[in-house]
Each structure stands twice: as structure tokens, then as C-alpha cells.
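Just below is one structure, and these are the notes that go with it.
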Amino acid sequence: MGEWRPILAGAIRQRAIEALSRIAADLREPVAGQPFETAMRALLHAGLRAGGLCDDDAIAGRLVSAALDATSACELTPWTQDGFCGVAWALDCASRLDPELLVEEEHPEVDAALEALVRNRAIRPELLYGLAGVGLYCVERARLAPAREIVEEIVCRLEECSAQDAEGRFWPVLQAMPVSRREAWQVNLGVAHGMPGIIAFLAAVQGGPAANARAGRLLSGAVRWLLAQRRDGASFPDLVPLDGAAPLRATRTTWCYGDGGIAPVLLNAGAIAGNERWKREAMEVAIDAAGRQGRRAGIVDPGLCHGAAGLAQIFTRLSCDRTDPRFEGAAVRWIEDALDRELAGTGKFASWTRAAAGAEPAPEVDTSFLTGSTGIGLCLLSAAAPVEPAWDRMLGMSVAPREGRPA
């Protein structure tokens with residue numbers, strides 16, 4: 001692991017560390033029946049110890065054991081979010097931070113399940129709950145032959161379910177439109193469920209030992225199509241209907257939808273492909289997103305998915321990988337925003353959720369990785385301590401370093 005440079009210093013770093021301490025105290029116990037969330041808590045505590053912010057070496061080990069026991073007892077989905085790929089990935093990351101944690105490097109039962117999964121033509125191509133996320137997990141393990149074979153199969157599947165036009169290659173999905181609820185074929189441009197997540201996977205393939213010509217062709221066509229949707233230098237839309245209707249305009253700058261999540265995906269793709277045009281356009285998107293504040297960004301939550309911590313993590317990563325000072329300023333600003341949303345110094349955070357379909361959104365305490373305090377804690381850790389956040393590759397925010405290059 002290369003040297004990771006935390007961006008926080010002085011009073012804001014102290015404030016982040018104090019909040020981290022409260023978050024960690026609130027996340028010491030496993031989450032009943034949820035091995036993924038328990039594994040992410042183990043990762044947080046392993047990171048705190050690796051960063052010199054916690055002396056208790058028993059918490060992470062206890063959470064790892066609980067996550068493994070719960071995985072054996074539960075019937076899990078395969079996905080990186082809430083599924084067994086996510087559990088295995090989180091525990092692998094934790095064991096790299098703390099080698100004393102006993103986590104098996106090889107997972108033959110996972111490989112067997114994934115080999116069967118990728119043959120299912122009904123699986124969506126997306127990152128959180130689909131082929132791209134499973135593929136990213138396998139890229140992490142591509143030094144092992146079974147994982148490389150699964151990566152190659154996923155690339156083939158993605159080619160089968162894609163479409164092409166004059167602008168490039170895209171992945172259409174049939175789903176309800178947000179306002180009319182009318183089902184229509186469309187292309188989703190959010191990292192979480194759409195094309196940028198697929199691009200993140202293809203770029204990771206090309207940057208690692210499973211690189212192949214098919215993945216390279218898909219990556220090139222996908223980036224060309226995505227860039228073509230950025231009309232006149234404006235923001236990327238959230239959805240592009242394929243029936244001729246106008247694209248759905250982006251309303252927020254977040255990780256899951258909008259320019260915030262798309263920018264690092266394009267930067268990583270451009271760097272891996274050595275494509276200067278992609279890198280130039282990606283930097284334009286990233287710099288514009290870094291300048292958005294308050295209502296212009298549309299942030300109302302503290303978490304990673306569509307909140308302040310997600311933008312903080314993106315710009316923390318960009319500030320360490322690139323030299324533009326605007327990224328560090330944006331990262332600090334969004335970290336402060338997330339810290340301001342802590343509930344009365346308790347280490348707890350609330351996200352806006354709907355208790356039932358049609359109900360009015362209301363704030364609810366959230367300890368999860370994607371939208372709650374576990375993810376916020378991991379974000380603060382990467383900004384305040386010399387602990388490289390390999391976990392953010394799970395969200396397509398970064399790619400694994402090539403051999404001989406620093407993380």
C-alpha cells in the first residue's frame with residue numbers, strides 16, 4: 001500500500017477525529033442479521049487502529065467473526081451492496097489494514113456462486129445490485145484464476161446486453177419514468193445504477209491483470225456515448241429516454257447521480273486508457289462540481305450515497321490524486337457539512353427516508369454504510385488519518401494501483 005496523505009489539519013482535523021470517536025463508540029456491536037453492515041463496521045474499526053486512532057485491537061476481530069457467522073446463517077444476495085460480495089470485499093479490506101484479522105484470501109464458494117450468477121440473463125448490468133459491482137469485486141481478486149474467468153464472462157455478458165448508435169455504446173433498461181411512472185426504455189446515467197458504474201468496472205478491468213481487447217472496445221464506446229450526453233458543457237442528465245423524450249435533468253450533485261460521481265469515473269478511465277480528451281473533459285466536470293455549494297448541489301443528507309460525505313470522499317480522493325487546490329477546498333467544505341449534521345454530539349446521523357410508499361420524507365437515524373454513520377466514519381477516517389481508503393473502489397471512486405505504482 002502506498003503512502004496516503006490525509007487532507008485535514010488543525011482544528012477541523014481535531015473536530016473530525018472527535019466525531020470519529022463518537023461514531024466508533026456507537027458502532028462497536030454487530031448488526032443482527034446484516035453481515036454486510038457488520039463487516040463494514042469491522043473495516044471502520046480496523047482502519048481506526050491502523051491510523052493510530054484506537055488502541056482496542058479486539059473490536060474489529062469480534063466484528064469480523066460476527067460477520068462471518070451471520071453470513072453462514074443468512075441467505076444473502078450476491079451483490080456488493082448488502083450481499084456476499086460486499087461482505088467478502090469489506091473483510092478483505094479490513095485484513096489488509098490489520099493482518100492479525102483472520103480472513104481467508106480465497107473464497108471458492110463465492111466463486112462458484114458467481115460463476116452460476118453471471119449466466120443469468122436477467123441480471124441488471126449496474127454497480128450496486130448487478131454485474132458491474134460483482135465484476136469490480138472480481139477485479140480486486142483477479143490475481144486468482146477463478147476471478148479472472150468470472151471477469152471475462154461478465155465482460156461478455158455486458159457486451160450482449162448493450163446497444164450501439166452513432167454516439168457509441170450504451171446499456172438500455174426498461175423501467176418506470178420518475179414522474180409519469182410510465183415504463184419506457186432509457187439509459188440511466190447514475191453511478192449507482194447506470195452507465196458510469198459499468199464504465200468504472202471496464203476501466204478497472206483494463207487497469208489490472210484481466211485486461212482484454214473486448215473490455216477495451218466496450219470502455220471506449222461507453223465513454224464516447226456518455227460524453228456525448230453532456231450537451232454544450234452542461235451537467236450530465238440523470239436519465240436519457242430512448243423514445244425521443246427530453247433527458248431528465250440532474251437535480252443534485254451526488255455520488256449516486258450527477259456530475260459528482262461521474263467525474264472520478266471518467267478521470268480514472270482516461271488515466272487507464274491514456275486518453276487526453278477524456279481526462280480533459282473529466283477535469284472540467286470535476287472542477288465545476290467542486291464549485292457547487294448549498295442549494296446548487298442539492299445536498300440534504302450526510303451520507304455517502306447522495307449526501308455530503310459522498311462528495312467529501314470524492315474530492316478527498318481527487319485532491320490526493322490530482323494537484324488542483326479546488327478539490328481539497330471542496331473536500332473540507334463537504335466534511336464540515338457532514339459534521340454539522342451530527343445529532344447533538346451523539347455520533348449519530350439522520351437521513352431523509354420514506355417510512356412507506358407515498359409517505360412524506362422524514363429524518364431517521366441511520367447507521368448504514370451507504371447512507372449513514374458507518375460510511376461517514378470511513379470518509380472522515382480517510383481525510384484525517386494516513387489510511388488509504390481502498391474501500392471506495394467498491395463505489396467506483398478509484399481504481400486499484402497498477403503494479404509498481406503507489407496506491
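By convention in this document, the chains of the C-alpha cells carry letters A, B, ... by their order, each chain's residues are numbered from 1, and ligands are numbered from 1 in the order they are shown.
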Closest atom pairs, residues of stretch 8-126 of chain A within 12 Å of stretch 307-331 of chain A, only C-alpha atoms, as a Markdown table:
```
| residue | atom | partner | partner_atom | distance |
| --- | --- | --- | --- | --- |
| A:Leu8 | CA | A:Glu328 | CA | 9.1 |
| A:Ala9 | CA | A:Glu328 | CA | 11.8 |
| A:Ile12 | CA | A:Ala331 | CA | 11.7 |
```
* Secondary structure check, helix (DSSP H, G or I) residues of stretch 180-282 of chain A, as a PyMOL selection string -> chain A and resi 195-206+213-228+231-233+259-273+276-282
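Taking only C-alpha atoms into account, A:Ser398 lies nearest to A:Ala269 out of the set A:Ala344, A:Ala338, A:Ala269, A:Val332.
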* Can you list, as a PyMOL selection string, every protein, DNA or RNA residue that comes within 9 Å of A:Val31 when you count only C-alpha atoms, leaving out same-chain residues fewer than 6 positions away? -> chain A and resi 37-38+41+66-67
* **Long-range neighbours of stretch 246-250 of chain A as a list in words, 9 Å cut-off, only C-alpha atoms, 5 positions minimum in chain** => Pro178, Gln229, Ser235, Phe236, Pro237, Asp238, Leu239, Val240, Pro241, Tyr257, Gly258 and Asp259 of chain A
